[in-house]
$ cat entry27.txt   # compact mmCIF, C-alpha atoms
# COMPACT_ATOMS: atom_id res chain seq x y z
CA MET A 1 1.00 -96.55 22.78
CA LEU A 2 2.36 -93.01 22.93
CA ASN A 3 3.13 -91.40 26.27
CA SER A 4 2.33 -87.72 26.62
CA PRO A 5 4.89 -85.66 28.62
CA HIS A 6 2.03 -83.69 30.18
CA PRO A 7 -1.10 -85.09 31.83
CA VAL A 8 -4.24 -84.46 29.86
CA ALA A 9 -6.90 -82.56 31.80
CA THR A 10 -10.21 -84.37 31.83
CA GLU A 11 -13.64 -83.36 33.03
CA PRO A 12 -15.01 -85.32 35.98
CA VAL A 13 -17.29 -88.10 34.84
CA THR A 14 -20.86 -87.76 36.08
CA ASN A 15 -23.54 -90.30 35.37
CA PRO A 16 -26.61 -88.83 33.70
CA PRO A 17 -29.83 -89.15 35.69
CA PRO A 18 -31.90 -92.24 34.82
CA VAL A 19 -34.76 -91.74 32.38
CA ILE A 20 -38.12 -93.48 32.15
CA ARG A 21 -39.76 -93.87 28.73
CA TRP A 22 -43.30 -94.67 27.61
CA LEU A 23 -45.68 -94.32 24.67
CA GLU A 24 -48.57 -91.85 24.88
CA ALA A 25 -50.91 -90.87 22.04
CA GLY A 26 -48.58 -92.60 19.64
CA GLN A 27 -45.59 -90.54 20.74
CA GLU A 28 -42.53 -91.68 22.66
CA CYS A 29 -42.28 -89.71 25.90
CA SER A 30 -39.59 -89.55 28.56
CA ALA A 31 -38.90 -87.94 31.93
CA ARG A 32 -36.33 -88.08 34.68
CA TRP A 33 -36.73 -91.13 36.91
CA ARG A 34 -36.53 -90.72 40.68
CA SER A 35 -36.14 -93.59 43.13
CA GLU A 36 -34.85 -93.16 46.66
CA ARG A 37 -34.03 -96.86 46.97
CA GLY A 38 -32.09 -96.82 43.71
CA ALA A 39 -34.51 -98.94 41.70
CA PRO A 40 -33.91 -98.75 37.92
CA PRO A 41 -36.65 -97.21 35.77
CA PRO A 42 -39.26 -99.80 34.74
CA LYS A 43 -38.77 -101.19 31.24
CA ARG A 44 -42.49 -101.67 30.63
CA VAL A 45 -44.83 -98.74 31.27
CA VAL A 46 -48.53 -98.43 30.48
CA LEU A 47 -50.92 -95.58 31.13
CA ALA A 48 -53.58 -96.00 33.81
CA ASP A 49 -56.50 -93.89 34.96
CA ASP A 50 -59.78 -94.00 36.87
CA THR A 51 -61.08 -96.82 34.63
CA THR A 52 -58.22 -99.18 35.57
CA THR A 53 -59.43 -101.83 37.99
CA ALA A 54 -57.43 -102.95 41.00
CA ASP A 55 -57.30 -106.54 39.70
CA VAL A 56 -55.80 -105.44 36.39
CA ALA A 57 -53.37 -103.11 38.11
CA TYR A 58 -52.29 -105.85 40.52
CA ARG A 59 -51.69 -108.34 37.71
CA LEU A 60 -49.62 -105.83 35.72
CA ALA A 61 -47.61 -104.73 38.76
CA CYS A 62 -46.83 -108.34 39.72
CA GLU A 63 -45.62 -108.93 36.15
CA GLY A 64 -43.26 -105.97 36.43
CA THR A 65 -45.26 -103.53 34.33
CA ALA A 66 -45.45 -100.01 35.75
CA LEU A 67 -48.64 -97.94 35.61
CA LEU A 68 -48.19 -94.23 34.94
CA TRP A 69 -51.27 -92.55 36.41
CA ARG A 70 -53.30 -90.10 34.35
CA GLY A 71 -56.50 -89.98 36.41
CA ASP A 72 -57.67 -88.38 39.64
CA PHE A 73 -54.96 -88.25 42.33
CA HIS A 74 -57.22 -89.43 45.14
CA ASN A 75 -58.28 -92.42 43.03
CA ALA A 76 -54.61 -93.29 42.62
CA ARG A 77 -54.23 -93.34 46.42
CA GLN A 78 -57.24 -95.64 46.70
CA LEU A 79 -55.77 -97.91 44.06
CA LEU A 80 -52.48 -98.11 45.98
CA GLN A 81 -54.40 -99.14 49.10
CA ALA A 82 -56.24 -101.79 47.09
CA LEU A 83 -52.92 -103.14 45.77
CA ALA A 84 -51.57 -103.31 49.33
CA ARG A 85 -54.62 -105.28 50.48
CA ARG A 86 -54.13 -107.78 47.67
CA ALA A 87 -50.45 -108.11 48.47
CA ASP A 88 -51.29 -108.86 52.11
CA GLN A 89 -53.85 -111.54 51.25
CA VAL A 90 -51.46 -114.47 51.57
CA PRO A 91 -52.62 -117.56 49.64
CA THR A 92 -53.39 -120.68 51.68
CA ARG A 93 -50.38 -122.59 50.34
CA LYS A 94 -48.05 -119.81 51.44
CA ARG A 95 -49.69 -119.63 54.88
CA LYS A 96 -49.11 -123.36 55.32
CA LYS A 97 -45.48 -122.98 54.25
CA ALA A 98 -44.98 -120.09 56.65
CA ALA A 99 -46.50 -122.12 59.48
CA GLU A 100 -43.92 -124.86 58.99
CA GLU A 101 -41.22 -125.11 61.62
CA VAL A 102 -38.14 -123.44 60.09
CA PRO A 103 -34.96 -122.00 61.64
CA VAL A 104 -35.57 -118.47 62.82
CA VAL A 105 -32.86 -117.07 60.55
CA ASP A 106 -34.66 -118.60 57.55
CA ALA A 107 -37.94 -117.07 58.73
CA PHE A 108 -36.19 -113.69 58.92
CA HIS A 109 -34.82 -113.94 55.38
CA ARG A 110 -38.21 -115.06 54.08
CA HIS A 111 -39.80 -112.07 55.78
CA ARG A 112 -37.22 -109.70 54.24
CA LEU A 113 -37.79 -111.23 50.80
CA ALA A 114 -41.56 -110.85 51.14
CA GLN A 115 -41.12 -107.23 52.21
CA SER A 116 -38.88 -106.55 49.22
CA GLN A 117 -41.30 -108.15 46.75
CA ARG A 118 -44.21 -106.24 48.26
CA ALA A 119 -42.33 -102.92 48.03
CA ARG A 120 -41.33 -103.61 44.43
CA MET A 121 -44.91 -104.38 43.40
CA LEU A 122 -46.40 -101.35 45.17
CA GLY A 123 -43.70 -99.19 43.58
CA MET A 124 -45.16 -99.87 40.15
CA LEU A 125 -47.87 -97.21 40.50
CA LEU A 126 -46.22 -94.04 39.19
CA ILE A 127 -47.02 -90.33 39.48
CA PRO A 128 -45.83 -87.55 37.12
CA PHE A 129 -44.28 -84.31 38.40
CA ASN A 130 -43.68 -81.01 36.65
CA ALA A 131 -40.27 -79.36 36.89
CA ASP A 132 -41.49 -77.31 39.89
CA TYR A 133 -42.68 -80.51 41.68
CA SER A 134 -46.34 -79.76 41.08
CA ILE A 135 -48.42 -82.80 40.11
CA PRO A 136 -50.43 -82.48 36.85
CA LEU A 137 -53.37 -84.55 38.07
CA ARG A 138 -56.89 -83.68 39.20
CA ARG A 139 -57.20 -82.99 42.96
CA ALA A 140 -53.46 -83.38 43.45
CA PRO A 141 -52.11 -81.85 46.70
CA ASP A 142 -49.36 -79.28 46.89
CA VAL A 143 -46.23 -81.32 47.65
CA THR A 144 -43.66 -78.73 46.60
CA MET A 145 -42.20 -78.22 50.08
CA ALA A 146 -42.09 -81.92 50.88
CA CYS A 147 -40.36 -82.76 47.57
CA THR A 148 -37.93 -79.88 47.99
CA GLU A 149 -36.91 -81.25 51.39
CA ALA A 150 -36.34 -84.69 49.89
CA TRP A 151 -34.94 -83.90 46.43
CA GLY A 152 -33.53 -80.41 46.79
CA PRO A 153 -34.78 -77.17 45.15
CA PRO A 154 -36.65 -77.57 41.85
CA ASP A 155 -34.54 -77.18 38.73
CA ALA A 156 -36.44 -75.85 35.74
CA THR A 157 -33.78 -77.15 33.36
CA ALA A 158 -34.23 -80.71 34.64
CA GLY A 159 -37.75 -80.91 33.25
CA ALA A 160 -40.50 -83.25 34.39
CA CYS A 161 -39.90 -86.34 36.47
CA VAL A 162 -41.70 -89.51 37.50
CA ALA A 163 -41.65 -91.32 40.85
CA SER A 164 -43.75 -93.99 42.51
CA LEU A 165 -46.80 -92.94 44.49
CA ARG A 166 -45.45 -95.06 47.36
CA GLU A 167 -42.28 -92.98 47.41
CA LEU A 168 -44.32 -89.77 47.37
CA SER A 169 -46.27 -91.08 50.37
CA GLY A 170 -42.99 -91.56 52.22
CA ILE A 171 -41.87 -88.05 51.29
CA THR A 172 -45.07 -86.41 52.53
CA SER A 173 -45.04 -88.50 55.71
CA ALA A 174 -41.44 -87.45 56.39
CA HIS A 175 -42.43 -83.82 55.83
CA GLU A 176 -45.07 -84.12 58.55
CA TRP A 177 -42.57 -85.74 60.96
CA ARG A 178 -40.18 -82.88 60.25
CA ARG A 179 -42.86 -80.23 60.71
CA LYS A 180 -44.30 -81.61 63.96
CA GLY A 181 -41.18 -83.16 65.46
CA VAL A 182 -40.85 -86.05 67.94
CA GLU A 183 -41.14 -85.28 71.63
CA ILE A 184 -38.16 -86.59 73.60
CA ALA A 185 -38.78 -86.68 77.35
CA ALA A 186 -35.03 -86.73 78.12
CA LEU A 187 -34.68 -83.27 76.55
CA GLY A 188 -36.87 -81.61 79.17
CA GLU A 189 -40.30 -80.02 79.23
CA PRO A 190 -42.32 -79.23 76.07
CA PRO A 191 -42.37 -77.45 73.75
CA HIS A 192 -38.55 -77.21 73.62
CA ASN A 193 -37.90 -80.95 73.68
CA ARG A 194 -38.60 -82.03 70.12
CA ILE A 195 -36.37 -83.62 67.50
CA HIS A 196 -37.33 -82.90 63.89
CA PRO A 197 -36.19 -85.77 61.62
CA HIS A 198 -35.48 -84.95 57.98
CA TYR A 199 -36.32 -87.10 54.99
CA GLY A 200 -33.94 -90.07 54.78
CA VAL A 201 -32.85 -89.78 58.43
CA PHE A 202 -34.19 -92.34 60.88
CA SER A 203 -36.68 -90.92 63.37
CA PRO A 204 -35.93 -91.46 67.10
CA VAL A 205 -39.24 -93.16 67.81
CA ARG A 206 -37.76 -95.90 70.01
CA GLY A 207 -37.38 -94.17 73.35
CA GLU A 208 -35.69 -96.94 75.35
CA TYR A 209 -32.22 -96.36 73.91
CA ILE A 210 -32.50 -92.61 74.51
CA HIS A 211 -33.54 -93.23 78.12
CA LEU A 212 -30.48 -95.43 78.61
CA VAL A 213 -28.14 -92.65 77.46
CA ALA A 214 -30.05 -90.11 79.54
CA THR A 215 -29.68 -92.08 82.78
CA ALA A 216 -26.38 -94.01 82.62
CA HIS A 217 -23.65 -92.77 84.97
CA LEU A 218 -21.30 -90.40 83.15
CA PRO A 219 -17.54 -91.04 83.38
CA LYS A 220 -15.37 -88.42 85.05
CA PRO A 221 -13.19 -86.01 83.04
CA PRO A 222 -9.46 -86.88 82.85
CA THR A 223 -7.35 -85.98 85.89
CA GLY A 224 -6.72 -82.25 86.05
CA GLN A 225 -9.61 -81.37 83.70
CA THR A 226 -13.09 -80.12 84.49
CA THR A 227 -14.63 -80.54 81.03
CA LEU A 228 -15.92 -83.87 79.74
CA THR A 229 -15.45 -84.47 76.02
CA ALA A 230 -17.80 -86.88 74.25
CA PHE A 231 -17.95 -88.31 70.73
CA ASP A 232 -21.35 -89.23 69.22
CA ILE A 233 -20.57 -91.69 66.41
CA GLY A 234 -23.20 -91.82 63.66
CA THR A 235 -25.28 -89.01 65.11
CA GLY A 236 -28.28 -89.19 62.73
CA THR A 237 -30.82 -86.65 63.96
CA GLY A 238 -28.41 -85.49 66.68
CA VAL A 239 -30.71 -86.70 69.44
CA LEU A 240 -28.02 -88.36 71.58
CA SER A 241 -25.74 -85.33 71.30
CA ALA A 242 -28.62 -83.14 72.46
CA VAL A 243 -29.31 -85.48 75.40
CA LEU A 244 -25.66 -85.40 76.45
CA ALA A 245 -25.62 -81.61 76.17
CA ARG A 246 -28.72 -81.39 78.37
CA ARG A 247 -26.89 -83.60 80.88
CA GLY A 248 -24.10 -81.07 81.15
CA VAL A 249 -21.48 -82.46 78.78
CA ASN A 250 -19.83 -79.28 77.54
CA ARG A 251 -17.96 -80.55 74.47
CA ILE A 252 -19.49 -83.05 72.07
CA VAL A 253 -18.16 -83.98 68.62
CA ALA A 254 -20.94 -85.61 66.57
CA THR A 255 -20.03 -87.46 63.39
CA ASP A 256 -21.86 -88.87 60.41
CA GLN A 257 -20.93 -89.56 56.80
CA ASP A 258 -24.41 -88.82 55.42
CA PRO A 259 -24.92 -85.15 54.38
CA ARG A 260 -28.66 -85.50 55.04
CA ALA A 261 -28.03 -86.64 58.60
CA LEU A 262 -25.57 -83.82 59.25
CA ALA A 263 -28.04 -81.22 57.94
CA CYS A 264 -30.74 -82.76 60.14
CA ALA A 265 -28.51 -82.80 63.23
CA ARG A 266 -27.42 -79.21 62.59
CA ASP A 267 -31.06 -78.12 62.41
CA ASN A 268 -31.96 -79.89 65.66
CA ILE A 269 -28.89 -78.71 67.55
CA ALA A 270 -29.77 -75.14 66.57
CA ARG A 271 -33.44 -75.55 67.53
CA LEU A 272 -32.42 -76.86 70.96
CA ASN A 273 -29.90 -74.05 71.45
CA VAL A 274 -26.92 -76.31 72.20
CA GLU A 275 -24.74 -75.18 69.31
CA ASP A 276 -22.04 -74.01 71.71
CA LYS A 277 -21.62 -77.58 72.99
CA VAL A 278 -21.92 -79.68 69.82
CA GLN A 279 -19.53 -79.73 66.87
CA LEU A 280 -20.60 -81.63 63.73
CA VAL A 281 -18.00 -83.44 61.61
CA GLN A 282 -18.54 -85.34 58.37
CA THR A 283 -16.50 -88.52 58.60
CA ASP A 284 -16.84 -92.29 58.69
CA LEU A 285 -16.98 -93.21 62.39
CA PHE A 286 -14.40 -91.40 64.56
CA PRO A 287 -13.19 -87.79 64.53
CA GLU A 288 -9.60 -86.97 65.39
CA GLY A 289 -8.45 -87.10 69.00
CA GLN A 290 -9.74 -88.80 72.13
CA ALA A 291 -12.76 -88.45 74.38
CA SER A 292 -13.73 -89.60 77.85
CA LEU A 293 -17.07 -90.81 76.49
CA VAL A 294 -17.66 -92.32 73.04
CA VAL A 295 -21.28 -93.18 72.25
CA CYS A 296 -22.45 -95.27 69.31
CA ASN A 297 -25.88 -96.59 68.35
CA PRO A 298 -25.04 -98.64 65.23
CA PRO A 299 -27.57 -100.49 63.05
CA TRP A 300 -28.75 -103.44 65.09
CA LEU A 301 -29.19 -106.08 62.37
CA PRO A 302 -26.30 -107.35 60.23
CA ALA A 303 -28.31 -107.65 57.01
CA ARG A 304 -28.40 -105.82 53.70
CA PRO A 305 -30.55 -102.64 53.63
CA SER A 306 -32.91 -102.30 50.67
CA SER A 307 -33.11 -98.48 50.80
CA PRO A 308 -31.08 -95.60 52.28
CA ILE A 309 -33.46 -95.13 55.22
CA GLU A 310 -32.97 -98.80 56.17
CA ARG A 311 -29.26 -98.20 56.77
CA ALA A 312 -30.17 -97.04 60.26
CA VAL A 313 -31.45 -100.56 61.04
CA TYR A 314 -29.61 -102.89 58.67
CA ASP A 315 -25.84 -102.96 58.14
CA GLU A 316 -24.56 -105.79 55.97
CA GLY A 317 -21.90 -107.74 57.79
CA GLY A 318 -22.14 -105.45 60.84
CA ARG A 319 -19.54 -103.11 59.31
CA MET A 320 -20.27 -100.14 61.57
CA LEU A 321 -20.31 -102.23 64.75
CA ALA A 322 -17.00 -103.86 63.81
CA GLY A 323 -15.47 -100.48 62.90
CA PHE A 324 -16.57 -98.92 66.17
CA LEU A 325 -15.11 -101.72 68.28
CA LYS A 326 -11.88 -101.78 66.27
CA GLY A 327 -11.23 -98.05 66.64
CA LEU A 328 -12.61 -97.44 70.13
CA THR A 329 -9.47 -98.05 72.21
CA ALA A 330 -7.46 -95.55 70.15
CA HIS A 331 -10.06 -92.83 70.72
CA LEU A 332 -10.73 -93.35 74.44
CA ALA A 333 -9.03 -90.96 76.86
CA PRO A 334 -7.49 -92.56 79.99
CA LYS A 335 -10.26 -94.04 82.18
CA GLY A 336 -12.77 -93.24 79.44
CA GLU A 337 -15.82 -95.31 78.44
CA GLY A 338 -17.39 -96.39 75.21
CA TRP A 339 -21.17 -96.70 75.30
CA LEU A 340 -22.46 -99.18 72.76
CA ILE A 341 -26.25 -99.18 72.40
CA LEU A 342 -27.36 -102.45 70.85
CA SER A 343 -30.48 -104.60 70.69
CA ASN A 344 -30.19 -108.37 71.06
CA LEU A 345 -32.80 -108.90 68.31
CA ALA A 346 -30.03 -110.06 65.96
CA GLU A 347 -29.24 -112.83 68.46
CA HIS A 348 -32.87 -113.99 68.60
CA LEU A 349 -33.00 -113.98 64.78
CA GLY A 350 -29.86 -116.09 64.47
CA LEU A 351 -27.86 -113.32 62.78
CA ARG A 352 -25.29 -112.96 65.56
CA THR A 353 -24.56 -114.75 68.82
CA ARG A 354 -23.81 -113.27 72.23
CA ALA A 355 -20.53 -115.22 72.23
CA GLU A 356 -19.48 -113.52 68.98
CA LEU A 357 -20.22 -110.10 70.44
CA LEU A 358 -18.26 -110.76 73.63
CA GLU A 359 -15.40 -112.20 71.60
CA ALA A 360 -15.33 -109.02 69.50
CA PHE A 361 -15.00 -106.94 72.68
CA GLU A 362 -12.05 -108.97 73.88
CA HIS A 363 -10.41 -109.16 70.44
CA ASN A 364 -10.40 -105.35 70.27
CA GLY A 365 -8.92 -104.89 73.75
CA LEU A 366 -12.17 -104.00 75.49
CA ARG A 367 -13.78 -105.12 78.72
CA VAL A 368 -17.37 -104.74 79.93
CA VAL A 369 -17.69 -102.34 82.86
CA SER A 370 -21.42 -102.97 83.11
CA ARG A 371 -24.54 -103.49 81.02
CA ILE A 372 -27.84 -101.63 81.43
CA ASP A 373 -30.93 -103.22 79.84
CA ALA A 374 -34.31 -101.90 78.77
CA LYS A 375 -37.35 -103.59 77.25
CA PRO A 376 -38.69 -102.01 74.04
CA GLN A 377 -42.10 -100.38 74.24
CA HIS A 378 -42.83 -99.99 70.53
CA PRO A 379 -46.02 -101.63 69.11
CA LYS A 380 -44.21 -104.42 67.23
CA ALA A 381 -42.81 -105.77 70.50
CA THR A 382 -46.29 -107.03 71.41
CA ASP A 383 -47.80 -107.61 67.96
CA ALA A 384 -48.64 -111.32 67.81
CA SER A 385 -49.40 -111.10 64.09
CA ASP A 386 -45.86 -109.98 63.25
CA PRO A 387 -43.96 -112.77 61.42
CA LEU A 388 -41.05 -112.24 63.82
CA ALA A 389 -43.22 -111.91 66.93
CA ASN A 390 -41.42 -114.60 68.91
CA ALA A 391 -38.05 -112.91 68.51
CA ARG A 392 -39.41 -109.41 69.06
CA SER A 393 -41.15 -110.43 72.30
CA ARG A 394 -37.78 -111.40 73.78
CA GLU A 395 -35.88 -108.35 72.55
CA VAL A 396 -33.81 -106.32 75.01
CA THR A 397 -31.94 -103.10 74.26
CA SER A 398 -28.66 -102.75 76.14
CA LEU A 399 -26.17 -100.02 76.85
CA TRP A 400 -22.78 -101.71 77.11
CA ARG A 401 -20.27 -99.65 79.12
CA LEU A 402 -16.88 -100.59 77.63
CA ALA A 403 -13.37 -99.68 78.75
CA THR A 404 -9.89 -100.70 77.66
CA LEU A 405 -8.36 -103.86 79.10
$ encode --input "entry27.txt" --output "structure tokens"
Amino acid sequence: MLNSPHPVATEPVTNPPPVIRWLEAGQECSARWRSERGAPPPKRVVLADDTTTADVAYRLACEGTALLWRGDFHNARQLLQALARRADQVPTRKRKKAAEEVPVVDAFHRHRLAQSQRARMLGMLLIPFNADYSIPLRRAPDVTMACTEAWGPPDATAGACVASLRELSGITSAHEWRRKGVEIAALGEPPHNRIHPHYGVFSPVRGEYIHLVATAHLPKPPTGQTTLTAFDIGTGTGVLSAVLARRGVNRIVATDQDPRALACARDNIARLNVEDKVQLVQTDLFPEGQASLVVCNPPWLPARPSSPIERAVYDEGGRMLAGFLKGLTAHLAPKGEGWLILSNLAEHLGLRTRAELLEAFEHNGLRVVSRIDAKPQHPKATDASDPLANARSREVTSLWRLATL
């Protein structure tokens, strides 16, 4: 092999966007494939329209054959609902198996598998998009703004694309959440108390953890200082930074590694007029320096997420929790506190024990100052039909006040 005395300049390697292919009128057609959860383009694609029955569509979808819709848009929505009903009609043999006494962790993994299979099947109903995000179907709605928020500005050179109708439903739903916003009581009186979640950023719909941060006793600034500095690790929508700013914390550094989350937080911080108190930094976990208060609301369940939006709930191996605890002591100012907001649902599901959590505190040189608990008020907490109802009924969300040993 010859060695060149000068390095050879190379262009950065970029993977081409995935492409979906199908036959139509005897011609091979193709378009860009879009999937937020990273699913590969289906290998088998057939055309479907208003004459396609729900039973046929369900059989094809279960076999892994995608249906590219060519009929009326509203009929496609009705077909998706029909597919969902069929997916939820559990056969008797499966109901008996589910009713068997199994370890709760096995029940959780079965539930996750069923959810994944259901999502995969429902994702087989596909919708075409023009380059400008318009939908070339009868009675199709205008989704240009919603798609722009999710995918970025239209690119005429990129041509047409195809995505699942289920994904489009998520995009339009996220657009409505962003437009209307979520009222947060801890931010004051309406109308200036709303958080507007962006597509792909988890919405702050569970109010108990926000209430905990809004009411817990704030630590004092370091001796000789009058200003309290706080870090908000994994800020997401920026809601906890906004709550701390409303509480009078004058300097907050909010971090996140997701560009979507940072853009969302920036938008909300500006809407709430607390830009002078909150600095946004793109990084994994901690910014540079120390703070008297370090707040973190990591994903609560140490399991693998199946889509980007699930990363706010599922974190395989509890990586973020472990990283926060490992780095906390180095980033706490003298007499400072770390606030860890964590549900005990993982403990009730057999994914983590309380002893393991307490051992992680001690291993990382941390002690518990106090723990403040709150019961969730979301609908699933009292839904007896939920497969994980027993665990959810016992769930408690805690704010752990941690300090160095």
$ atom_distance --input "entry27.txt" --atom1 "atom CA of Leu79 of chain A" --atom2 "atom CA of Ala57 of chain A"
8.3 Å
$ closest_atom_pairs --input "entry27.txt" --of "segment 201-220 of chain A" --to "segment 288-308 of chain A" --cutoff "8 Å" --atoms "only C-alpha atoms" --output "JSON lines"
{"residue": "A:Leu218", "atom": "CA", "partner": "A:Leu293", "partner_atom": "CA", "distance": 7.9}
{"residue": "A:Pro219", "atom": "CA", "partner": "A:Ser292", "partner_atom": "CA", "distance": 6.9}
{"residue": "A:Lys220", "atom": "CA", "partner": "A:Ser292", "partner_atom": "CA", "distance": 7.5}
$ residues_around --input "entry27.txt" --residues "Ala160 of chain A" --least-positions-apart "3" --cutoff "7 Å" --atoms "all atoms listed in the file" --output "list in words"
Ala31, Arg32, Phe129, Asn130 and Ala131 of chain A
$ write_last_selection --input "entry27.txt" --atoms "C-alpha atoms" --output "tab-separated table (two decimals), in the frame of the given file"
chain	number	residue	atom	x	y	z
A	31	ALA	CA	-38.90	-87.94	31.93
A	32	ARG	CA	-36.33	-88.08	34.68
A	129	PHE	CA	-44.28	-84.31	38.40
A	130	ASN	CA	-43.68	-81.01	36.65
A	131	ALA	CA	-40.27	-79.36	36.89
$ residues_around --input "entry27.txt" --residues "Ala245 of chain A" --least-positions-apart "5" --cutoff "8 Å" --atoms "all atoms listed in the file" --output "list in words"
Asn250, Arg251, Ile252, Val274, Lys277 and Val278 of chain A
$ closest_atom_pairs --input "entry27.txt" --of "segment 365-402 of chain A" --to "segment 317-336 of chain A" --cutoff "9 Å" --atoms "only C-alpha atoms" --output "JSON lines"
{"residue": "A:Gly365", "atom": "CA", "partner": "A:Thr329", "partner_atom": "CA", "distance": 7.0}
{"residue": "A:Leu366", "atom": "CA", "partner": "A:Thr329", "partner_atom": "CA", "distance": 7.3}
{"residue": "A:Leu402", "atom": "CA", "partner": "A:Gly336", "partner_atom": "CA", "distance": 8.6}
$ write_last_selection --input "entry27.txt" --atoms "C-alpha atoms" --output "compact mmCIF listing (two decimals), in the frame of the given file"
# COMPACT_ATOMS: atom_id res chain seq x y z
CA GLY A 365 -8.92 -104.89 73.75
CA LEU A 366 -12.17 -104.00 75.49
CA LEU A 402 -16.88 -100.59 77.63
$ atom_distance --input "entry27.txt" --atom1 "atom CA of Phe108 of chain A" --atom2 "atom CA of Met121 of chain A"
20.1 Å
$ atom_distance --input "entry27.txt" --atom1 "atom CA of Val243 of chain A" --atom2 "atom CA of Arg371 of chain A"
19.5 Å
$ closest_residue --input "entry27.txt" --among "A:Gly123, A:Gly224, A:Gly236, A:Gly338" --to "Arg401 of chain A" --atoms "only C-alpha atoms"
A:Gly338
$ residues_near_point --input "entry27.txt" --point "(-19.2, -87.4, 70.9)" --cutoff "6 Å" --atoms "only C-alpha atoms" --output "PyMOL selection string"
chain A and resi 230-232+252-254+294
$ closest_residue --input "entry27.txt" --among "A:Glu36, A:Glu362, A:Asp256, A:Asp49" --to "Asn75 of chain A" --atoms "only C-alpha atoms"
A:Asp49
$ residues_around --input "entry27.txt" --residues "Ala107 of chain A" --least-positions-apart "2" --cutoff "9 Å" --atoms "all atoms listed in the file" --output "PyMOL selection string"
chain A and resi 98+102-105+109-112+349+387-388
$ residues_around --input "entry27.txt" --residues "Phe202 of chain A" --least-positions-apart "2" --cutoff "9 Å" --atoms "all atoms listed in the file" --output "ChimeraX atom specification"
/A:197-200,204-205,236-237,261,309-313
$ write_last_selection --input "entry27.txt" --atoms "C-alpha atoms" --output "PDB file, in the frame of the given file"
ATOM      1  CA  PRO A 197     -36.190 -85.770  61.620  1.00  0.00           C
ATOM      2  CA  HIS A 198     -35.480 -84.950  57.980  1.00  0.00           C
ATOM      3  CA  TYR A 199     -36.320 -87.100  54.990  1.00  0.00           C
ATOM      4  CA  GLY A 200     -33.940 -90.070  54.780  1.00  0.00           C
ATOM      5  CA  PRO A 204     -35.930 -91.460  67.100  1.00  0.00           C
ATOM      6  CA  VAL A 205     -39.240 -93.160  67.810  1.00  0.00           C
ATOM      7  CA  GLY A 236     -28.280 -89.190  62.730  1.00  0.00           C
ATOM      8  CA  THR A 237     -30.820 -86.650  63.960  1.00  0.00           C
ATOM      9  CA  ALA A 261     -28.030 -86.640  58.600  1.00  0.00           C
ATOM     10  CA  ILE A 309     -33.460 -95.130  55.220  1.00  0.00           C
ATOM     11  CA  GLU A 310     -32.970 -98.800  56.170  1.00  0.00           C
ATOM     12  CA  ARG A 311     -29.260 -98.200  56.770  1.00  0.00           C
ATOM     13  CA  ALA A 312     -30.170 -97.040  60.260  1.00  0.00           C
ATOM     14  CA  VAL A 313     -31.450-100.560  61.040  1.00  0.00           C
TER      15      VAL A 313
END
$ residues_near_point --input "entry27.txt" --point "(-43.9, -79.5, 68.0)" --cutoff "10 Å" --atoms "all atoms listed in the file" --output "ChimeraX atom specification"
/A:177-183,190-196
$ closest_residue --input "entry27.txt" --among "A:Arg354, A:His217, A:Arg206, A:Arg266" --to "Ala381 of chain A" --atoms "all atoms listed in the file"
A:Arg206
$ closest_residue --input "entry27.txt" --among "A:Ala185, A:Ala360, A:Leu399, A:Leu80" --to "Leu342 of chain A" --atoms "only C-alpha atoms"
A:Leu399
